[in-house]
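One file, query-v2.cif, carrying mmCIF, C-alpha atoms:
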```cif
data_input
#
loop_
_atom_site.group_PDB
_atom_site.id
_atom_site.type_symbol
_atom_site.label_atom_id
_atom_site.label_comp_id
_atom_site.auth_asym_id
_atom_site.auth_seq_id
_atom_site.Cartn_x
_atom_site.Cartn_y
_atom_site.Cartn_z
ATOM 1 C CA MET A 22 95.525 105.227 94.225
ATOM 2 C CA ALA A 23 92.836 103.192 95.984
ATOM 3 C CA SER A 24 89.269 104.214 96.743
ATOM 4 C CA ASN A 25 88.106 103.085 100.170
ATOM 5 C CA PHE A 26 84.435 102.277 100.735
ATOM 6 C CA LEU A 27 82.499 102.084 103.998
ATOM 7 C CA PHE A 28 78.951 101.031 104.804
ATOM 8 C CA TRP A 29 77.237 101.177 108.174
ATOM 9 C CA ASN A 30 73.666 100.727 109.319
ATOM 10 C CA THR A 31 73.816 103.135 112.256
ATOM 11 C CA LYS A 32 70.553 102.062 113.956
ATOM 12 C CA LYS A 33 69.211 105.613 114.234
ATOM 13 C CA ASN A 34 71.878 106.465 116.792
ATOM 14 C CA LYS A 35 71.659 110.246 117.197
ATOM 15 C CA GLU A 36 75.259 110.356 118.414
ATOM 16 C CA ILE A 37 76.855 108.063 115.834
ATOM 17 C CA ASN A 38 79.073 110.840 114.436
ATOM 18 C CA ARG A 39 81.471 110.444 117.328
ATOM 19 C CA PHE A 40 82.215 106.965 116.002
ATOM 20 C CA LEU A 41 81.838 107.691 112.304
ATOM 21 C CA GLU A 42 84.260 110.605 112.095
ATOM 22 C CA PRO A 43 87.273 108.737 113.550
ATOM 23 C CA LEU A 44 86.357 105.594 111.593
ATOM 24 C CA ILE A 45 86.327 107.484 108.285
ATOM 25 C CA VAL A 46 89.657 109.123 109.101
ATOM 26 C CA GLU A 47 91.292 105.952 110.446
ATOM 27 C CA LYS A 48 90.340 103.932 107.359
ATOM 28 C CA GLY A 49 90.995 106.747 104.891
ATOM 29 C CA CYS A 50 87.479 106.343 103.510
ATOM 30 C CA ASN A 51 86.533 108.072 100.266
ATOM 31 C CA PHE A 52 82.980 106.824 99.702
ATOM 32 C CA VAL A 53 80.633 106.306 102.656
ATOM 33 C CA VAL A 54 77.132 104.831 102.494
ATOM 34 C CA LEU A 55 74.928 105.018 105.587
ATOM 35 C CA ALA A 56 71.571 103.468 106.457
ATOM 36 C CA GLU A 57 69.263 104.432 109.337
ATOM 37 C CA TYR A 58 71.342 107.583 109.779
ATOM 38 C CA VAL A 59 69.682 110.309 111.877
ATOM 39 C CA ASP A 60 72.652 112.299 113.186
ATOM 40 C CA SER A 61 73.667 115.569 111.472
ATOM 41 C CA ILE A 62 75.373 114.924 108.128
ATOM 42 C CA GLU A 63 76.357 118.589 107.945
ATOM 43 C CA CYS A 64 78.101 118.376 111.324
ATOM 44 C CA LEU A 65 79.856 115.183 110.270
ATOM 45 C CA CYS A 66 81.212 116.800 107.114
ATOM 46 C CA ASN A 67 82.233 119.914 109.056
ATOM 47 C CA GLU A 68 84.143 117.828 111.606
ATOM 48 C CA LEU A 69 85.888 115.962 108.810
ATOM 49 C CA ALA A 70 86.741 119.260 107.096
ATOM 50 C CA ILE A 71 88.323 120.618 110.293
ATOM 51 C CA GLY A 72 90.684 117.662 110.105
ATOM 52 C CA GLY A 73 91.475 118.401 106.467
ATOM 53 C CA HIS A 74 89.100 115.857 104.920
ATOM 54 C CA GLN A 75 86.682 117.551 102.535
ATOM 55 C CA PHE A 76 83.511 115.515 101.952
ATOM 56 C CA ARG A 77 80.350 116.243 99.964
ATOM 57 C CA TRP A 78 76.958 114.784 100.773
ATOM 58 C CA HIS A 79 74.338 114.008 98.184
ATOM 59 C CA THR A 80 70.588 113.912 97.884
ATOM 60 C CA VAL A 81 69.748 110.432 96.694
ATOM 61 C CA LEU A 82 66.887 110.291 94.207
ATOM 62 C CA GLY A 83 63.771 108.664 95.677
ATOM 63 C CA CYS A 84 65.545 107.050 98.637
ATOM 64 C CA ASP A 85 65.508 108.578 102.112
ATOM 65 C CA ARG A 86 66.866 105.381 103.732
ATOM 66 C CA ILE A 87 70.368 105.968 102.351
ATOM 67 C CA VAL A 88 72.846 108.817 102.937
ATOM 68 C CA ILE A 89 76.046 109.115 100.893
ATOM 69 C CA ILE A 90 79.126 111.258 101.439
ATOM 70 C CA GLU A 91 82.288 111.133 99.301
ATOM 71 C CA ASN A 92 85.486 112.983 98.510
ATOM 72 C CA CYS A 93 86.604 111.091 95.397
ATOM 73 C CA CYS A 94 84.011 111.619 92.654
ATOM 74 C CA ASP A 95 84.656 113.842 89.656
ATOM 75 C CA VAL A 96 81.042 113.152 88.628
ATOM 76 C CA PHE A 97 78.166 112.111 90.886
ATOM 77 C CA GLU A 98 74.700 111.588 89.450
ATOM 78 C CA SER A 99 71.819 109.971 91.301
ATOM 79 C CA THR A 100 70.141 108.092 88.488
ATOM 80 C CA GLN A 101 67.466 105.804 89.852
ATOM 81 C CA GLY A 102 66.111 104.575 93.120
ATOM 82 C CA SER A 103 63.264 103.458 95.293
ATOM 83 C CA SER A 104 62.571 103.667 98.996
ATOM 84 C CA TYR A 105 64.990 100.769 99.467
ATOM 85 C CA TYR A 106 67.934 101.493 97.169
ATOM 86 C CA ALA A 107 69.739 104.201 95.241
ATOM 87 C CA ILE A 108 71.698 103.762 92.023
ATOM 88 C CA CYS A 109 74.332 106.399 91.282
ATOM 89 C CA HIS A 110 76.540 106.968 88.262
ATOM 90 C CA VAL A 111 79.912 108.277 89.420
ATOM 91 C CA MET A 112 83.349 108.881 87.978
ATOM 92 C CA ILE A 113 86.404 108.193 90.118
ATOM 93 C CA SER A 114 89.904 108.841 88.752
ATOM 94 C CA GLY A 115 88.533 108.896 85.230
ATOM 95 C CA GLN A 116 86.640 105.607 85.537
ATOM 96 C CA ASP A 117 82.865 105.233 85.405
ATOM 97 C CA TYR A 118 81.123 103.245 88.130
ATOM 98 C CA LEU A 119 77.560 102.452 89.082
ATOM 99 C CA VAL A 120 77.492 102.537 92.871
ATOM 100 C CA SER A 121 74.329 101.493 94.686
ATOM 101 C CA GLY A 122 73.422 101.977 98.319
ATOM 102 C CA VAL A 123 70.924 99.443 99.630
ATOM 103 C CA HIS A 124 68.671 98.982 102.632
ATOM 104 C CA LEU A 125 66.209 96.251 101.693
ATOM 105 C CA PRO A 126 63.099 95.403 103.762
ATOM 106 C CA SER A 127 63.655 93.934 107.207
ATOM 107 C CA LYS A 128 62.666 90.375 108.040
ATOM 108 C CA MET A 129 60.579 91.842 110.856
ATOM 109 C CA HIS A 130 58.250 93.441 108.302
ATOM 110 C CA ALA A 131 58.705 91.341 105.158
ATOM 111 C CA GLY A 132 58.700 87.635 104.434
ATOM 112 C CA ASP A 133 60.934 85.778 102.009
ATOM 113 C CA ASP A 134 58.579 86.433 99.102
ATOM 114 C CA GLU A 135 58.638 90.192 99.675
ATOM 115 C CA GLN A 136 62.434 90.247 100.041
ATOM 116 C CA GLU A 137 62.905 88.210 96.871
ATOM 117 C CA ASN A 138 60.490 90.430 94.955
ATOM 118 C CA MET A 139 62.398 93.556 95.981
ATOM 119 C CA ALA A 140 65.747 91.927 95.138
ATOM 120 C CA ARG A 141 64.358 90.973 91.723
ATOM 121 C CA ARG A 142 63.210 94.547 91.039
ATOM 122 C CA PHE A 143 66.548 95.894 92.192
ATOM 123 C CA ALA A 144 68.485 93.502 89.942
ATOM 124 C CA GLN A 145 66.389 94.593 86.969
ATOM 125 C CA ASP A 146 67.047 98.267 87.731
ATOM 126 C CA ILE A 147 70.780 97.614 88.042
ATOM 127 C CA GLN A 148 70.855 95.935 84.645
ATOM 128 C CA ALA A 149 68.845 98.795 83.127
ATOM 129 C CA ALA A 150 71.367 101.313 84.536
ATOM 130 C CA GLU A 151 74.278 99.256 83.172
ATOM 131 C CA ASP A 152 72.655 99.330 79.731
ATOM 132 C CA ARG A 153 71.830 103.030 79.958
ATOM 133 C CA TYR A 154 75.384 104.072 80.808
ATOM 134 C CA ASP A 155 77.114 101.259 78.925
ATOM 135 C CA CYS A 156 78.915 100.589 82.206
ATOM 136 C CA GLN A 157 79.348 97.316 84.071
ATOM 137 C CA ASN A 158 81.617 98.625 86.818
ATOM 138 C CA THR A 159 78.903 97.944 89.352
ATOM 139 C CA VAL A 160 79.453 98.160 93.117
ATOM 140 C CA ILE A 161 76.498 97.423 95.412
ATOM 141 C CA ILE A 162 76.894 98.021 99.130
ATOM 142 C CA GLY A 163 74.422 97.985 101.983
ATOM 143 C CA ASP A 164 72.114 96.134 104.326
ATOM 144 C CA PHE A 165 70.286 93.442 102.348
ATOM 145 C CA ASN A 166 68.484 92.029 105.403
ATOM 146 C CA ALA A 167 69.267 88.597 103.958
ATOM 147 C CA ASN A 168 72.285 86.336 104.207
ATOM 148 C CA PRO A 169 74.541 85.529 101.239
ATOM 149 C CA PHE A 170 72.995 82.060 100.973
ATOM 150 C CA GLU A 171 69.357 83.199 100.885
ATOM 151 C CA LYS A 172 67.407 83.273 97.628
ATOM 152 C CA ALA A 173 67.187 87.074 97.461
ATOM 153 C CA LEU A 174 70.989 87.108 97.118
ATOM 154 C CA ILE A 175 71.798 83.838 95.359
ATOM 155 C CA GLY A 176 68.695 83.219 93.196
ATOM 156 C CA ALA A 177 69.361 83.476 89.461
ATOM 157 C CA ASP A 178 66.262 85.633 88.981
ATOM 158 C CA CYS A 179 67.195 87.787 91.976
ATOM 159 C CA LEU A 180 70.677 89.246 92.602
ATOM 160 C CA HIS A 181 72.509 86.051 91.580
ATOM 161 C CA ALA A 182 75.544 86.905 93.721
ATOM 162 C CA VAL A 183 77.879 83.909 93.835
ATOM 163 C CA SER A 184 80.697 83.031 96.216
ATOM 164 C CA ASP A 185 83.293 81.788 93.729
ATOM 165 C CA ARG A 186 85.404 84.232 91.724
ATOM 166 C CA GLY A 187 86.043 81.703 88.990
ATOM 167 C CA VAL A 188 82.343 81.020 88.556
ATOM 168 C CA ALA A 189 81.507 84.738 88.642
ATOM 169 C CA GLN A 190 83.974 85.396 85.829
ATOM 170 C CA GLU A 191 81.784 83.298 83.542
ATOM 171 C CA LEU A 192 79.559 86.436 83.769
ATOM 172 C CA GLU A 193 76.253 84.622 83.232
ATOM 173 C CA ARG A 194 74.560 81.255 83.298
ATOM 174 C CA THR A 195 71.539 79.794 81.576
ATOM 175 C CA VAL A 196 68.552 78.492 83.539
ATOM 176 C CA TYR A 197 65.693 76.877 81.607
ATOM 177 C CA GLY A 198 66.805 78.632 78.446
ATOM 178 C CA MET A 199 67.107 82.106 79.979
ATOM 179 C CA LYS A 200 70.426 83.829 80.607
ATOM 180 C CA TYR A 201 71.097 85.505 83.959
ATOM 181 C CA ARG A 202 74.144 87.653 84.645
ATOM 182 C CA MET A 203 76.111 87.007 87.834
ATOM 183 C CA LEU A 204 77.587 89.185 90.546
ATOM 184 C CA TYR A 205 80.402 88.279 92.914
ATOM 185 C CA ASN A 206 79.777 88.288 96.674
ATOM 186 C CA PRO A 207 83.034 88.222 98.690
ATOM 187 C CA MET A 208 81.157 88.315 102.008
ATOM 188 C CA TRP A 209 80.871 84.512 101.978
ATOM 189 C CA ASN A 210 84.515 84.539 103.071
ATOM 190 C CA LEU A 211 83.618 86.263 106.361
ATOM 191 C CA LEU A 212 80.985 83.792 107.544
ATOM 192 C CA GLY A 213 81.944 81.940 110.718
ATOM 193 C CA ASP A 214 84.085 82.563 113.776
ATOM 194 C CA VAL A 215 87.559 82.585 112.191
ATOM 195 C CA HIS A 216 87.311 86.391 112.205
ATOM 196 C CA PRO A 217 86.809 88.734 115.201
ATOM 197 C CA SER A 218 83.042 88.499 114.717
ATOM 198 C CA GLY A 219 80.923 85.715 113.244
ATOM 199 C CA GLY A 220 79.071 88.148 111.001
ATOM 200 C CA SER A 221 77.831 91.726 110.848
ATOM 201 C CA TYR A 222 74.614 91.212 112.834
ATOM 202 C CA PHE A 223 73.617 88.906 115.697
ATOM 203 C CA TYR A 224 70.113 87.694 116.434
ATOM 204 C CA ARG A 225 69.029 84.880 118.755
ATOM 205 C CA SER A 226 65.598 83.542 117.852
ATOM 206 C CA SER A 227 63.491 80.723 119.308
ATOM 207 C CA ASP A 228 62.984 79.154 115.876
ATOM 208 C CA VAL A 229 64.112 75.603 115.182
ATOM 209 C CA VAL A 230 66.672 76.990 112.737
ATOM 210 C CA ASN A 231 68.750 79.732 114.317
ATOM 211 C CA TYR A 232 71.884 81.073 112.580
ATOM 212 C CA PHE A 233 72.745 83.447 115.458
ATOM 213 C CA TRP A 234 75.294 85.367 113.358
ATOM 214 C CA HIS A 235 74.168 86.860 110.062
ATOM 215 C CA ILE A 236 75.874 88.763 107.272
ATOM 216 C CA PHE A 237 73.144 91.158 106.191
ATOM 217 C CA ASP A 238 75.665 93.903 105.402
ATOM 218 C CA GLN A 239 77.420 93.077 102.150
ATOM 219 C CA VAL A 240 79.210 94.284 99.044
ATOM 220 C CA LEU A 241 78.444 92.795 95.621
ATOM 221 C CA LEU A 242 80.606 93.423 92.559
ATOM 222 C CA HIS A 243 80.334 92.933 88.846
ATOM 223 C CA PRO A 244 82.938 90.266 87.969
ATOM 224 C CA LYS A 245 84.720 92.715 85.641
ATOM 225 C CA LEU A 246 85.868 94.583 88.775
ATOM 226 C CA LEU A 247 87.595 91.583 90.346
ATOM 227 C CA GLY A 248 91.009 92.799 89.213
ATOM 228 C CA GLN A 249 90.504 96.066 91.086
ATOM 229 C CA PHE A 250 88.881 94.679 94.224
ATOM 230 C CA ASP A 251 91.376 94.365 97.079
ATOM 231 C CA HIS A 252 90.261 91.082 98.627
ATOM 232 C CA LYS A 253 92.592 91.452 101.608
ATOM 233 C CA SER A 254 91.031 94.795 102.516
ATOM 234 C CA LEU A 255 87.512 93.418 103.051
ATOM 235 C CA GLU A 256 86.627 93.725 106.709
ATOM 236 C CA ILE A 257 83.774 93.650 109.158
ATOM 237 C CA VAL A 258 84.957 96.433 111.435
ATOM 238 C CA THR A 259 84.934 95.604 115.140
ATOM 239 C CA GLU A 260 87.143 98.381 116.517
ATOM 240 C CA ILE A 261 87.499 102.143 116.023
ATOM 241 C CA GLU A 262 90.598 103.811 117.447
ATOM 242 C CA SER A 263 90.949 100.947 119.942
ATOM 243 C CA GLU A 264 87.303 101.319 121.022
ATOM 244 C CA CYS A 265 85.571 97.991 120.573
ATOM 245 C CA LEU A 266 82.197 97.835 118.816
ATOM 246 C CA LEU A 267 81.486 94.494 120.485
ATOM 247 C CA LYS A 268 80.191 93.801 123.969
ATOM 248 C CA LYS A 269 82.012 91.495 126.358
ATOM 249 C CA ASP A 270 80.062 88.550 124.951
ATOM 250 C CA GLY A 271 81.480 89.287 121.505
ATOM 251 C CA ARG A 272 78.227 90.530 119.993
ATOM 252 C CA PRO A 273 77.613 93.998 118.500
ATOM 253 C CA ASN A 274 77.188 96.692 121.113
ATOM 254 C CA ASP A 275 73.674 97.838 120.224
ATOM 255 C CA LYS A 276 74.149 101.000 122.270
ATOM 256 C CA ILE A 277 76.294 102.028 119.300
ATOM 257 C CA SER A 278 74.605 99.969 116.570
ATOM 258 C CA ASP A 279 73.271 96.437 116.229
ATOM 259 C CA HIS A 280 75.116 96.227 112.890
ATOM 260 C CA LEU A 281 78.867 96.299 112.364
ATOM 261 C CA PRO A 282 80.389 98.434 109.575
ATOM 262 C CA ILE A 283 81.911 96.869 106.478
ATOM 263 C CA TYR A 284 84.961 98.274 104.701
ATOM 264 C CA PHE A 285 86.817 97.458 101.485
ATOM 265 C CA SER A 286 89.163 99.036 98.982
ATOM 266 C CA MET A 287 89.122 99.288 95.180
ATOM 267 C CA LYS A 288 92.439 99.720 93.388
ATOM 268 C CA GLU A 289 92.713 102.160 90.511
ATOM 269 C CA ARG A 290 92.519 100.466 87.142
ATOM 270 C CA GLU A 291 95.653 99.987 85.092
ATOM 271 C CA SER A 292 96.405 102.790 82.633
ATOM 272 C CA ASN A 293 95.712 100.485 79.686
ATOM 273 C CA GLY A 294 92.226 99.801 81.047
ATOM 274 C CA GLU A 295 92.844 96.072 81.459
#
```
Full structure transcribed into structure tokens:
Amino acid sequence: MASNFLFWNTKKNKEINRFLEPLIVEKGCNFVVLAEYVDSIECLCNELAIGGHQFRWHTVLGCDRIVIIENCCDVFESTQGSSYYAICHVMISGQDYLVSGVHLPSKMHAGDDEQENMARRFAQDIQAAEDRYDCQNTVIIGDFNANPFEKALIGADCLHAVSDRGVAQELERTVYGMKYRMLYNPMWNLLGDVHPSGGSYFYRSSDVVNYFWHIFDQVLLHPKLLGQFDHKSLEIVTEIESECLLKKDGRPNDKISDHLPIYFSMKERESNGE
């Protein structure tokens, strides 16, 4: 049985539940991470329950920027966090995971140095949690406010999230005599206009370098989970029950949210644990 994950930065939309509830049902979501959520989480869970979908919401230690609801965890423990991320130890179908919800500082309020510093601190806390629980089944999902190719994501001393599965499976690499573990970032595959949207967030600046489309909303995985990650399921969601989340110009409809949701599925591990 698969576990289906959803993340959405809801842009403080006080009426986002009318989109969230059908999205969660349509996608069969089990674990939902929300950023900038200001609607009623109790009402959302009640609406889901009316439809036969029982969800629990959790207080996330030290992090009021992230809200989590789930219906799949036998164990849920908020273990560590900051204002910008939460690290949770959970058990799903008998398997331990470390699941982190992230909303790192915005580029409007933090420069590259600040973003990289926060990513570095976060990476250190993730590794500490992996050591504490003797668990490397790490899933990180959220709004990083940086693209997959920026140093906060790709830097060896930061999150070190690489685009190539084969490279990621080497688990670590050595830089100037120091070993750094690697994560896998499948969101590289969704960059560009082959898909319904060119990214998860659109911004037109007057700078000389302008990417227009960005993928700030991402999932990162420990390479040991690659066998369970359903690569074909990974999606930047552009439609909910035939209602489009994009404007006529193909950009996110910011009356709903300026970010698009991301969705993916994790398959249950084989019974032999391989």
Given the PyMOL selection byres ((chain A and resi 97) around 12), the residues it picks as a CSV table (one decimal) with C-alpha atoms, keeping the file's coordinate frame:
```
chain,number,residue,atom,x,y,z
A,52,PHE,CA,83.0,106.8,99.7
A,77,ARG,CA,80.4,116.2,100.0
A,78,TRP,CA,77.0,114.8,100.8
A,79,HIS,CA,74.3,114.0,98.2
A,80,THR,CA,70.6,113.9,97.9
A,81,VAL,CA,69.7,110.4,96.7
A,82,LEU,CA,66.9,110.3,94.2
A,89,ILE,CA,76.0,109.1,100.9
A,90,ILE,CA,79.1,111.3,101.4
A,91,GLU,CA,82.3,111.1,99.3
A,92,ASN,CA,85.5,113.0,98.5
A,93,CYS,CA,86.6,111.1,95.4
A,94,CYS,CA,84.0,111.6,92.7
A,95,ASP,CA,84.7,113.8,89.7
A,96,VAL,CA,81.0,113.2,88.6
A,98,GLU,CA,74.7,111.6,89.4
A,99,SER,CA,71.8,110.0,91.3
A,100,THR,CA,70.1,108.1,88.5
A,108,ILE,CA,71.7,103.8,92.0
A,109,CYS,CA,74.3,106.4,91.3
A,110,HIS,CA,76.5,107.0,88.3
A,111,VAL,CA,79.9,108.3,89.4
A,112,MET,CA,83.3,108.9,88.0
A,113,ILE,CA,86.4,108.2,90.1
A,116,GLN,CA,86.6,105.6,85.5
A,117,ASP,CA,82.9,105.2,85.4
A,118,TYR,CA,81.1,103.2,88.1
A,119,LEU,CA,77.6,102.5,89.1
A,120,VAL,CA,77.5,102.5,92.9
A,121,SER,CA,74.3,101.5,94.7
```
Under the rule that only C-alpha atoms are counted, which of A:Pro282, A:Tyr105, A:Cys64, A:His243 is the nearest residue to Glu151 (chain A)?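 Checking each candidate against Glu151 (chain A), we get A:His243 as the closest.
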CA of Ser227 (chain A) and CA of Gln136 (chain A) are how many Å apart? 21.5 Å
Can you tell me, as a PDB file with C-alpha atoms, keeping the file's coordinate frame, what residues are no more than 10 Å from Gly72 (chain A) when counting only C-alpha atoms, ignoring any on the same chain fewer than 6 positions away?
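After the write, selection-v8.pdb holds the following:
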```
ATOM      1  CA  GLU A  42      84.260 110.605 112.095  1.00  0.00           C
ATOM      2  CA  VAL A  46      89.657 109.123 109.101  1.00  0.00           C
ATOM      3  CA  CYS A  66      81.212 116.800 107.114  1.00  0.00           C
TER       4      CYS A  66
END
```
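Those residues returned by the PyMOL selection byres ((chain A and resi 38) around 10) for this file are Thr31, Asn34, Lys35, Glu36, Ile37, Arg39, Phe40, Leu41, Glu42, Pro43, Leu44, Tyr58, Val59, Asp60, Ser61, Ile62, Cys64, Leu65, Cys66 and Glu68 of chain A.
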Using the chain letters and numbers from the file, which residues does the PyMOL selection byres ((chain A and resi 138-146) around 12) grab, as a PyMOL selection string? chain A and resi 100-109+119+121-127+131-137+147-153+159+161+164-167+171-182+201-204+241+243
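One distance worth recording is that between CA of Pro273 (chain A) and CA of Asp85 (chain A), which is 25.1 Å.
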Gap from CA of Val240 (chain A) to CA of Pro207 (chain A) - Å, one decimal: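 Atom-to-atom, CA of Val240 (chain A) to CA of Pro207 (chain A), that is 7.2 Å.
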Excluding same-chain residues fewer than 4 positions from region 232-239 of chain A, what lies within 10 Å of it counting all atoms listed in the file, as a PyMOL selection string? chain A and resi 28-30+123-125+127+161-170+206-209+211-214+218-226+228+257+272+280-284
Residues within 9 Å of (86.8, 101.3, 98.5), file coordinates, counting all atoms listed in the file: what are they? Give the list as a PDB file with C-alpha atoms, in the frame of the given file.
```pdb
ATOM      1  CA  ALA A  23      92.836 103.192  95.984  1.00  0.00           C
ATOM      2  CA  SER A  24      89.269 104.214  96.743  1.00  0.00           C
ATOM      3  CA  ASN A  25      88.106 103.085 100.170  1.00  0.00           C
ATOM      4  CA  PHE A  26      84.435 102.277 100.735  1.00  0.00           C
ATOM      5  CA  LEU A  27      82.499 102.084 103.998  1.00  0.00           C
ATOM      6  CA  CYS A  50      87.479 106.343 103.510  1.00  0.00           C
ATOM      7  CA  ASN A  51      86.533 108.072 100.266  1.00  0.00           C
ATOM      8  CA  PHE A  52      82.980 106.824  99.702  1.00  0.00           C
ATOM      9  CA  VAL A  53      80.633 106.306 102.656  1.00  0.00           C
ATOM     10  CA  PHE A 250      88.881  94.679  94.224  1.00  0.00           C
ATOM     11  CA  ASP A 251      91.376  94.365  97.079  1.00  0.00           C
ATOM     12  CA  SER A 254      91.031  94.795 102.516  1.00  0.00           C
ATOM     13  CA  TYR A 284      84.961  98.274 104.701  1.00  0.00           C
ATOM     14  CA  PHE A 285      86.817  97.458 101.485  1.00  0.00           C
ATOM     15  CA  SER A 286      89.163  99.036  98.982  1.00  0.00           C
ATOM     16  CA  MET A 287      89.122  99.288  95.180  1.00  0.00           C
ATOM     17  CA  LYS A 288      92.439  99.720  93.388  1.00  0.00           C
TER      18      LYS A 288
END
```
From the list A:Lys245, A:Leu267, A:Leu255, A:Asp275, which residue is nearest Glu193 (chain A) when using all atoms listed in the file?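 Looking only at the distances to Glu193 (chain A), the closest residue turns out to be A:Lys245.
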Counting only C-alpha atoms, which residues sit no farther than 8 Å from the position (83.2, 87.9, 89.6) in the file's frame? I'd like them as a list in words.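 Collected hits near the coordinates: Val183, Asp185, Arg186, Gly187, Val188, Ala189, Gln190, Glu191, Leu192, Met203, Leu204, Tyr205, Asn206, Leu242, His243, Pro244, Lys245, Leu246 and Leu247 of chain A.
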